[in-house]
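Q: Can you read through this structure? Questions will come right after.
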Amino acid sequence: MAKKRILIVDDEESLTRVLKYSLEETGTYEVGAENKAGAALATAKTFKPDLILLDVIMPELDGGQLAEQFKADPALHDVPIVFLTAITDKQEVRAHQHLLGGSPFLAKPVELDEVIACLEQQLGRLPPQ
Amino acid sequence: MFAVETTPYAVNAYAVPVWLAAVACLLLGCLVLIRERWSPVSLSFLLLTLTIAGWLFTFAEMYRATDARLALWWAKLAYLGIPCIPAAFYQFTVSVLRIAARHRRMVWIAWGLAMLFAVAICTTDALIAGLYHYWWGFYPRYGWLSIPYLTFFFGIMILSLRHYWVEYRRAVPETIHHRRIRLLMIASSIVSLASLDYLPKYGIGLYPFGYVPVFVFLILAALVVWRYHLVDITPAFAAQQIIGTMAEALLVFDQDGVVRVVNQAACQLFGKTEAELTGRLFAGLTRSFLTPAIVSTLHRLGAVHDVEVTLVANESQGSIKVLSVSASLMRDSRGEPIATICIARDITSRTQAEEELRQAHEELQQAHAALQEAQLQLIQAAKLESVGRLAAGVAHEVKNPLAIILTGISYLSRHVPSDNGRTRLVFDDIRYAVRRADAIVKGMLDFSAPKTLQFSREDLHAVIERALVLLKHEIDKARITVVKEFAHRVPRLQLDGNKIEQAFVNVLMNAVHAMPQGGTLTVRTALRDRAVVVDVEDTGPGVPEEALAKIFEPFFTTKPAGQGTGLGLAVTKSIVELHGGAIELMNRPEGGVRAHIMFRAEGGEPNGQEAHPHRG
């Protein structure tokens with residue numbers, strides 16, 4: 001099975017590192033990490049990810065704005081996005097829904113198994129639950 | 001009779017004015033007596049006018065007499081009264097100056113000396129030694145007694161004038177009393193000119209014009225009477241006036257309860273005339289005033305003060321009055337009670353005002369209590385809101401480190417051999433700790449969530465059922481029996497279904513946690529006075545009473561460490577109150593806790609659901 005390329009965009013460097021190590025050690029992912037929201041678009045263009053794991057609340061640009069930039073880019077337009085968010089209240093999620101554009105989200109803190117299940121589902125390698 | 005024969009008299013023009021003065025003097029004395037209602041001053045004034053009139057009348061007759069013997073008889077008769085003039089003048093003086101009490105002895109001395117002189121003059125010739133025959137008629141001739149007599153006469157007159165002078169100096173200037181004394185002093189000075197009448201008694205042929213100053217004195221005295229009143233303000237006189245002017249109603253009941261005395265205010269109060277009220281027995285009126293309590297106190301203490309009495313004051317109008325009654329016993333000279341004096345003050349409007357004031361005060365107190373309660377709630381709400389805001393900020397920041405820890409544990413646990421039980425146990429503990437921390441953060445976020453609700457018509461029973469489904473695993477694990485006693489026809493309510501579901505999950509979760517060894521969880525609904533009531537009861541150990549007061553405070557928990565976040569009930573209360581409802585927790589007498597939740601049912605519609613006790 002070809003490795004899928006995952007780009008993690010989160011301003012928490014420790015989180016991106018532990019996620020990167022964890023996902024890479026499964027042997028099924030090639031993981032890129034970007035901690036600066038402003039540089040995320042350029043990194044994505046270079047990295048050419050199959051999926052972007054995107055934090056919602058970041059300085060400079062929030063996840064929603066960044067998602068719009070990805071969707072606007074022809075090369076990244078079809079790349080699925082999974083939001084990683086500290087917002088867990090349903091109403092807050094609802095308030096941000098227009099930013100999330102219907103993309104799935106994972107609420108922090110999240111178990112690695114949940115992350116992998118979600119990624120596999122979005123990559124079409126697992127049927128939706 | 002010798003003296004009344006007409007033949008020894010001649011028509012004498014000089015006698016006419018004297019005679020007229022005598023009549024005027026008598027008239028004036030009577031006028032003052034009537035006007036001053038027989039007061040001591042008016043009596044003394046009458047006495048003075050009588051003595052003066054006697055003098056003038058007898059002298060007028062003496063002038064008219066043509067016979068010397070007859071004239072002497074009139075002269076002697078005149079001196080039966082003339083010595084009394086200074087005594088009467090002195091008595092009038094001390095009376096009008098209101099110093100009679102201090103000079104009573106002197107009054108008696110004056111009268112005593114006057115009597116002695118009168119007797120001496122009439123029985124001897126020591127004073128009237130004979131007669132002169134002047135051109136106006138016969139006139140007495142004085143003997144040796146004239147010296148002590150005139151000394152007495154002028155002595156008394158001077159003493160009277162001195163009293164006037166002293167009192168005049170003592171009186172407050174420009175008061176009625178001051179002006180009265182001044183006028184009487186002037187009148188007395190003028191009347192003293194009449195003493196020139198003594199000159200012809202010593203052979204000096206000066207016409208005795210004494211009746212003129214006497215007449216002037218009388219006119220001035222009349223003026224004093226007319227303008228300034230000589231009446232004495234005696235207790236009896238004042239009492240009558242006071243009763244008439246009293247604003248309070250006065251009633252005097254005799255021993256039979258018959259009204260004997262009333263004043264004008266009482267007549268007005270009862271809408272009856274004095275004649276209608278007095279001399280009759282009004283049983284209702286007497287009973288109202290002389291209540292057993294008042295009569296008993298009266299006989300014990302002799303008086304009662306300010307007893308409140310309610311009665312129908314005017315039967316035709318049916319007006320009910322509240323009176324403040326004071327009463328005392330009137331006793332005879334032996335001390336035996338003969339009547340009851342009642343003084344009643346109409347306090348109807350005051351009582352009404354007091355009642356209104358009391359009600360207003362009560363309302364104010366209630367409003368104050370409500371305000372205090374609202375203030376406390378506001379303070380509490382503000383406190384909770386600030387806690388909530390802080391929590392929300394903290395929650396977002398805590399989530400990331402928790403995510404790092406949890407993901408890190410997941411990562412590390414993959415590098416630990418599956419047979420390394422201890423390390424795996426530690427990893428599980430860390431994972432569990434993160435879950436706990438996350439639950440707290442989630443609670444804080446719930447607590448600080450925007451207070452806006454998504455209302456829709458919800459079936460409360462269905463919401464409760466959903467909450468029970470969510471807890472099914474926990475309920476089954478603890479082997480808890482669920483009893484549902486749902487009421488008939490509970491209306492659908494305007495609720496935010498998700499929030500209320502969350503609230504019920506919290507309440508039910510508490511009940512489940514209270515019964516780790518099993519028990520019965522009862523959920524009961526009822527429709528009471530436009531409110532839907534939900535009682536959630538457990539059969540656990542209950543909550544310590546001191547904890548009940550704090551049970552809804554954030555981060556307050558009675559659960560063992562790690563089991564509760566201390567936010568569940570705070571969030572629940574907040575949700576219920578956002579719906580205009582209320583929640584309270586109490587220990588049940590039979591053991592366990594009851595959560596009592598109320599929602600307003602206005603505008604709701606019955607959902608027709610029937611009670612179906614259910615065990616699950």
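The way I read the labels, and the way they are meant: chains A, B, ... in the order of the structure tokens, residue 1 as the first residue of every chain, and ligand 1 as the first ligand shown, with later ones counted on from there.
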Dump as a ChimeraX atom specification the residues of chain A that approach chain B to within 12 Å, counting only C-alpha atoms.
A: /A:10-26,55-58,84-93,95,106-116
Q: Contacts of stretch 186-201 of chain B at 6 Å or less, counting only C-alpha atoms, minus same-chain residues fewer than 2 places along, as a VMD selection string?
A: chain B and resid 140 to 142 183 to 184 203 to 206 208 210 213 to 214 217 220
Q: Got time to write the residues from that selection, N, CA, C and O atoms, as an mmCIF file, in the first residue's frame?
A:
data_model
loop_
_atom_site.group_PDB
_atom_site.id
_atom_site.type_symbol
_atom_site.label_atom_id
_atom_site.label_comp_id
_atom_site.auth_asym_id
_atom_site.auth_seq_id
_atom_site.Cartn_x
_atom_site.Cartn_y
_atom_site.Cartn_z
ATOM 1 N N PRO B 140 -75.739 117.088 105.853
ATOM 2 C CA PRO B 140 -75.275 116.715 107.194
ATOM 3 C C PRO B 140 -74.129 117.612 107.684
ATOM 4 O O PRO B 140 -73.354 118.106 106.876
ATOM 5 N N ARG B 141 -74.089 117.745 109.016
ATOM 6 C CA ARG B 141 -72.995 118.508 109.633
ATOM 7 C C ARG B 141 -72.178 117.511 110.445
ATOM 8 O O ARG B 141 -72.738 116.779 111.265
ATOM 9 N N TYR B 142 -70.869 117.483 110.166
ATOM 10 C CA TYR B 142 -70.007 116.487 110.810
ATOM 11 C C TYR B 142 -69.586 116.897 112.204
ATOM 12 O O TYR B 142 -69.343 118.071 112.462
ATOM 13 N N LEU B 183 -57.528 102.128 82.767
ATOM 14 C CA LEU B 183 -58.829 102.779 82.666
ATOM 15 C C LEU B 183 -59.527 102.843 84.024
ATOM 16 O O LEU B 183 -60.109 103.863 84.398
ATOM 17 N N LEU B 184 -59.398 101.744 84.789
ATOM 18 C CA LEU B 184 -60.021 101.723 86.119
ATOM 19 C C LEU B 184 -59.326 102.690 87.066
ATOM 20 O O LEU B 184 -59.948 103.279 87.945
ATOM 21 N N GLY B 203 -69.465 123.075 106.668
ATOM 22 C CA GLY B 203 -69.987 124.454 106.579
ATOM 23 C C GLY B 203 -69.581 125.185 105.329
ATOM 24 O O GLY B 203 -69.953 126.355 105.142
ATOM 25 N N ILE B 204 -68.797 124.577 104.430
ATOM 26 C CA ILE B 204 -68.396 125.259 103.196
ATOM 27 C C ILE B 204 -69.499 125.020 102.161
ATOM 28 O O ILE B 204 -69.800 123.850 101.833
ATOM 29 N N GLY B 205 -70.089 126.074 101.656
ATOM 30 C CA GLY B 205 -71.293 125.949 100.810
ATOM 31 C C GLY B 205 -71.022 125.569 99.369
ATOM 32 O O GLY B 205 -71.549 126.206 98.447
ATOM 33 N N LEU B 206 -70.171 124.601 99.161
ATOM 34 C CA LEU B 206 -69.873 124.124 97.792
ATOM 35 C C LEU B 206 -70.905 123.065 97.405
ATOM 36 O O LEU B 206 -71.086 122.080 98.117
ATOM 37 N N PRO B 208 -72.579 119.938 96.292
ATOM 38 C CA PRO B 208 -72.020 118.578 96.234
ATOM 39 C C PRO B 208 -72.265 117.937 94.851
ATOM 40 O O PRO B 208 -73.297 117.332 94.620
ATOM 41 N N GLY B 210 -70.624 115.561 93.653
ATOM 42 C CA GLY B 210 -69.980 114.226 93.660
ATOM 43 C C GLY B 210 -70.638 113.230 92.722
ATOM 44 O O GLY B 210 -69.975 112.327 92.203
ATOM 45 N N PRO B 213 -68.647 113.043 89.117
ATOM 46 C CA PRO B 213 -67.528 112.098 88.952
ATOM 47 C C PRO B 213 -67.963 110.639 89.148
ATOM 48 O O PRO B 213 -67.434 109.737 88.500
ATOM 49 N N VAL B 214 -68.941 110.449 90.028
ATOM 50 C CA VAL B 214 -69.438 109.082 90.210
ATOM 51 C C VAL B 214 -70.038 108.569 88.894
ATOM 52 O O VAL B 214 -69.803 107.430 88.473
ATOM 53 N N PHE B 217 -67.319 107.831 86.575
ATOM 54 C CA PHE B 217 -66.705 106.565 86.995
ATOM 55 C C PHE B 217 -67.522 105.370 86.467
ATOM 56 O O PHE B 217 -66.985 104.397 85.946
ATOM 57 N N LEU B 220 -67.063 104.939 82.761
ATOM 58 C CA LEU B 220 -65.746 104.325 82.470
ATOM 59 C C LEU B 220 -65.728 102.846 82.880
ATOM 60 O O LEU B 220 -65.195 101.997 82.171
#
Q: Can you measure atom CA of B:Leu390 to atom CA of B:Lys550 for me? One decimal in Å is fine.
A: 20.5 Å
Q: Please identify all polymer residues within 7 Å of B:Leu127, counting only C-alpha atoms, omitting same-chain residues fewer than 6 positions from it, and present them as a PDB file with C-alpha atoms, in the first residue's frame.
A:
ATOM      1  CA  ILE B 121     -73.086 106.993 113.118  1.00  0.00           C
ATOM      2  CA  TYR B 142     -70.007 116.487 110.810  1.00  0.00           C
ATOM      3  CA  GLY B 143     -69.029 116.057 114.436  1.00  0.00           C
ATOM      4  CA  TRP B 144     -65.828 114.820 116.073  1.00  0.00           C
ATOM      5  CA  LEU B 145     -66.111 111.253 114.649  1.00  0.00           C
ATOM      6  CA  SER B 146     -65.568 112.661 111.199  1.00  0.00           C
TER       7      SER B 146
END
Q: Between atom CA of B:Ile575 and atom CA of B:Arg524, measure the distance and give it in Å to one decimal.
A: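 Between these atoms lies a distance of 19.7 Å.
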Q: Skipping near chain neighbours, those fewer than 6 positions away, what residues fall within 10 Å of stretch 117-125 of chain A using only C-alpha atoms, listed as a list in words?
A: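 Once the adjacent positions are removed, what remains is Lys4, Ile6, Asp50, Leu51, Ile52, Leu53, Val79, Pro80, Ile81, Val82, Ser103, Pro104, Phe105 and Leu106 of chain A.
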Q: Find the residues around B:Val463 up to 12 Å (only C-alpha atoms counted), leave out those fewer than 6 positions away in its own chain, and share them as a list in words.
A: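 Once the nearby chain positions are removed, what remains is Arg457, Val469, Leu470, Arg492, Leu493, Leu495, Asp496, Gly497, Asn498, Lys499, Ile500, Glu501, Gln502, Ala503, Phe504, Val505 and Val534 of chain B.
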Q: Please identify which residues in stretch 22-82 of chain A DSSP calls strand (DSSP E or B) from the backbone, and express them as an NGL selection string.
A: :A and (29-34 or 51-55 or 81-82)
Q: Could you list, as an MDAnalysis selection string, every residue within 12 Å of B:Val32, counting only C-alpha atoms and ignoring same-chain residues fewer than 2 positions away?
A: chainID B and resid 25:30 34:49 218:219 221:231
Q: Could the residues in this selection be saved with N, CA, C and O atoms as a CSV table (one decimal), in the first residue's frame?
A:
chain,number,residue,atom,x,y,z
B,25,CYS,N,-76.6,104.0,88.3
B,25,CYS,CA,-75.6,103.2,89.0
B,25,CYS,C,-76.2,101.8,89.2
B,25,CYS,O,-75.5,100.8,89.0
B,26,LEU,N,-77.4,101.7,89.6
B,26,LEU,CA,-78.1,100.4,89.9
B,26,LEU,C,-78.2,99.6,88.6
B,26,LEU,O,-77.9,98.4,88.5
B,27,LEU,N,-78.6,100.3,87.5
B,27,LEU,CA,-78.7,99.6,86.2
B,27,LEU,C,-77.4,99.0,85.8
B,27,LEU,O,-77.3,97.9,85.3
B,28,LEU,N,-76.3,99.9,86.0
B,28,LEU,CA,-75.0,99.4,85.5
B,28,LEU,C,-74.6,98.2,86.3
B,28,LEU,O,-74.0,97.2,85.7
B,29,GLY,N,-74.8,98.2,87.6
B,29,GLY,CA,-74.5,97.1,88.4
B,29,GLY,C,-75.1,95.8,87.9
B,29,GLY,O,-74.5,94.7,87.8
B,30,CYS,N,-76.4,95.9,87.6
B,30,CYS,CA,-77.2,94.8,87.1
B,30,CYS,C,-76.6,94.3,85.8
B,30,CYS,O,-76.5,93.1,85.5
B,34,ILE,N,-75.2,90.6,84.8
B,34,ILE,CA,-75.7,89.7,83.8
B,34,ILE,C,-74.7,89.4,82.8
B,34,ILE,O,-74.5,88.2,82.4
B,35,ARG,N,-74.0,90.4,82.3
B,35,ARG,CA,-72.9,90.2,81.3
B,35,ARG,C,-71.8,89.3,81.8
B,35,ARG,O,-71.3,88.5,81.0
B,36,GLU,N,-71.5,89.5,83.0
B,36,GLU,CA,-70.3,88.7,83.6
B,36,GLU,C,-70.8,87.4,84.3
B,36,GLU,O,-70.0,86.8,85.0
B,37,ARG,N,-72.1,87.1,84.1
B,37,ARG,CA,-72.6,85.8,84.5
B,37,ARG,C,-72.4,85.5,86.0
B,37,ARG,O,-71.8,84.5,86.4
B,38,TRP,N,-72.7,86.5,86.8
B,38,TRP,CA,-72.6,86.3,88.3
B,38,TRP,C,-71.2,85.9,88.8
B,38,TRP,O,-71.0,85.2,89.7
B,39,SER,N,-70.2,86.5,88.1
B,39,SER,CA,-68.8,86.2,88.5
B,39,SER,C,-68.5,87.0,89.8
B,39,SER,O,-69.2,88.0,90.1
B,40,PRO,N,-67.5,86.5,90.5
B,40,PRO,CA,-67.2,87.3,91.8
B,40,PRO,C,-66.9,88.7,91.5
B,40,PRO,O,-67.3,89.6,92.4
B,41,VAL,N,-66.3,89.1,90.4
B,41,VAL,CA,-66.0,90.5,90.1
B,41,VAL,C,-67.3,91.2,89.9
B,41,VAL,O,-67.5,92.3,90.4
B,42,SER,N,-68.2,90.6,89.2
B,42,SER,CA,-69.4,91.3,88.9
B,42,SER,C,-70.3,91.5,90.1
B,42,SER,O,-71.0,92.5,90.3
B,43,LEU,N,-70.2,90.5,91.1
B,43,LEU,CA,-70.9,90.6,92.3
B,43,LEU,C,-70.3,91.8,93.2
B,43,LEU,O,-71.1,92.5,93.8
B,44,SER,N,-69.0,91.8,93.2
B,44,SER,CA,-68.4,92.9,94.0
B,44,SER,C,-68.7,94.3,93.3
B,44,SER,O,-68.9,95.3,94.0
B,45,PHE,N,-68.8,94.3,92.0
B,45,PHE,CA,-69.1,95.5,91.3
B,45,PHE,C,-70.6,95.9,91.6
B,45,PHE,O,-70.9,97.1,91.9
B,46,LEU,N,-71.4,94.9,91.7
B,46,LEU,CA,-72.8,95.2,92.0
B,46,LEU,C,-72.9,95.8,93.5
B,46,LEU,O,-73.7,96.7,93.7
B,47,LEU,N,-72.1,95.2,94.4
B,47,LEU,CA,-72.1,95.6,95.7
B,47,LEU,C,-71.7,97.1,95.8
B,47,LEU,O,-72.3,97.9,96.5
B,48,LEU,N,-70.7,97.4,95.0
B,48,LEU,CA,-70.2,98.8,95.0
B,48,LEU,C,-71.3,99.7,94.4
B,48,LEU,O,-71.6,100.8,95.0
B,49,THR,N,-71.9,99.3,93.3
B,49,THR,CA,-73.0,100.2,92.8
B,49,THR,C,-74.2,100.3,93.7
B,49,THR,O,-74.8,101.4,93.8
B,218,LEU,N,-68.9,105.5,86.6
B,218,LEU,CA,-69.7,104.5,86.2
B,218,LEU,C,-69.6,104.2,84.7
B,218,LEU,O,-69.6,103.1,84.2
B,219,ILE,N,-69.6,105.3,83.9
B,219,ILE,CA,-69.5,105.2,82.5
B,219,ILE,C,-68.1,104.5,82.1
B,219,ILE,O,-68.1,103.6,81.3
B,221,ALA,N,-66.3,102.6,84.0
B,221,ALA,CA,-66.4,101.2,84.5
B,221,ALA,C,-67.2,100.3,83.5
B,221,ALA,O,-66.8,99.2,83.2
B,222,ALA,N,-68.3,100.9,83.0
B,222,ALA,CA,-69.1,100.2,82.0
B,222,ALA,C,-68.3,99.9,80.7
B,222,ALA,O,-68.4,98.9,80.1
B,223,LEU,N,-67.5,100.9,80.4
B,223,LEU,CA,-66.6,100.8,79.2
B,223,LEU,C,-65.6,99.6,79.4
B,223,LEU,O,-65.4,98.8,78.5
B,224,VAL,N,-65.1,99.6,80.7
B,224,VAL,CA,-64.1,98.5,81.0
B,224,VAL,C,-64.8,97.2,80.9
B,224,VAL,O,-64.3,96.2,80.3
B,225,VAL,N,-66.0,97.1,81.4
B,225,VAL,CA,-66.8,95.9,81.4
B,225,VAL,C,-67.1,95.5,79.9
B,225,VAL,O,-66.9,94.3,79.5
B,226,TRP,N,-67.5,96.5,79.1
B,226,TRP,CA,-67.9,96.2,77.8
B,226,TRP,C,-66.7,95.8,76.9
B,226,TRP,O,-66.8,94.8,76.1
B,227,ARG,N,-65.7,96.5,77.0
B,227,ARG,CA,-64.5,96.3,76.1
B,227,ARG,C,-63.6,95.2,76.6
B,227,ARG,O,-63.2,94.4,75.8
B,228,TYR,N,-63.3,95.1,77.9
B,228,TYR,CA,-62.3,94.2,78.3
B,228,TYR,C,-62.8,93.0,79.1
B,228,TYR,O,-62.0,92.1,79.5
B,229,HIS,N,-64.0,93.0,79.4
B,229,HIS,CA,-64.6,91.9,80.3
B,229,HIS,C,-64.0,91.9,81.6
B,229,HIS,O,-62.8,91.8,81.8
B,230,LEU,N,-64.8,91.9,82.6
B,230,LEU,CA,-64.3,91.7,84.0
B,230,LEU,C,-64.4,90.3,84.5
B,230,LEU,O,-64.1,90.0,85.6
B,231,VAL,N,-64.9,89.5,83.6
B,231,VAL,CA,-65.2,88.1,84.0
B,231,VAL,C,-63.9,87.4,84.5
B,231,VAL,O,-62.8,87.6,84.0
Q: What separation in Å, quoted to one decimal, exists between atom CA of B:Lys477 and atom CA of B:Thr522?
A: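 Interatomic distance here is 17.1 Å.
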Q: For a quick check of understanding, using only C-alpha atoms, which of B:Val252, B:Ala265, B:Val507, B:Ile109 has the smallest distance to B:Leu281?
A: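 The answer is B:Val252, which sits nearest to B:Leu281.
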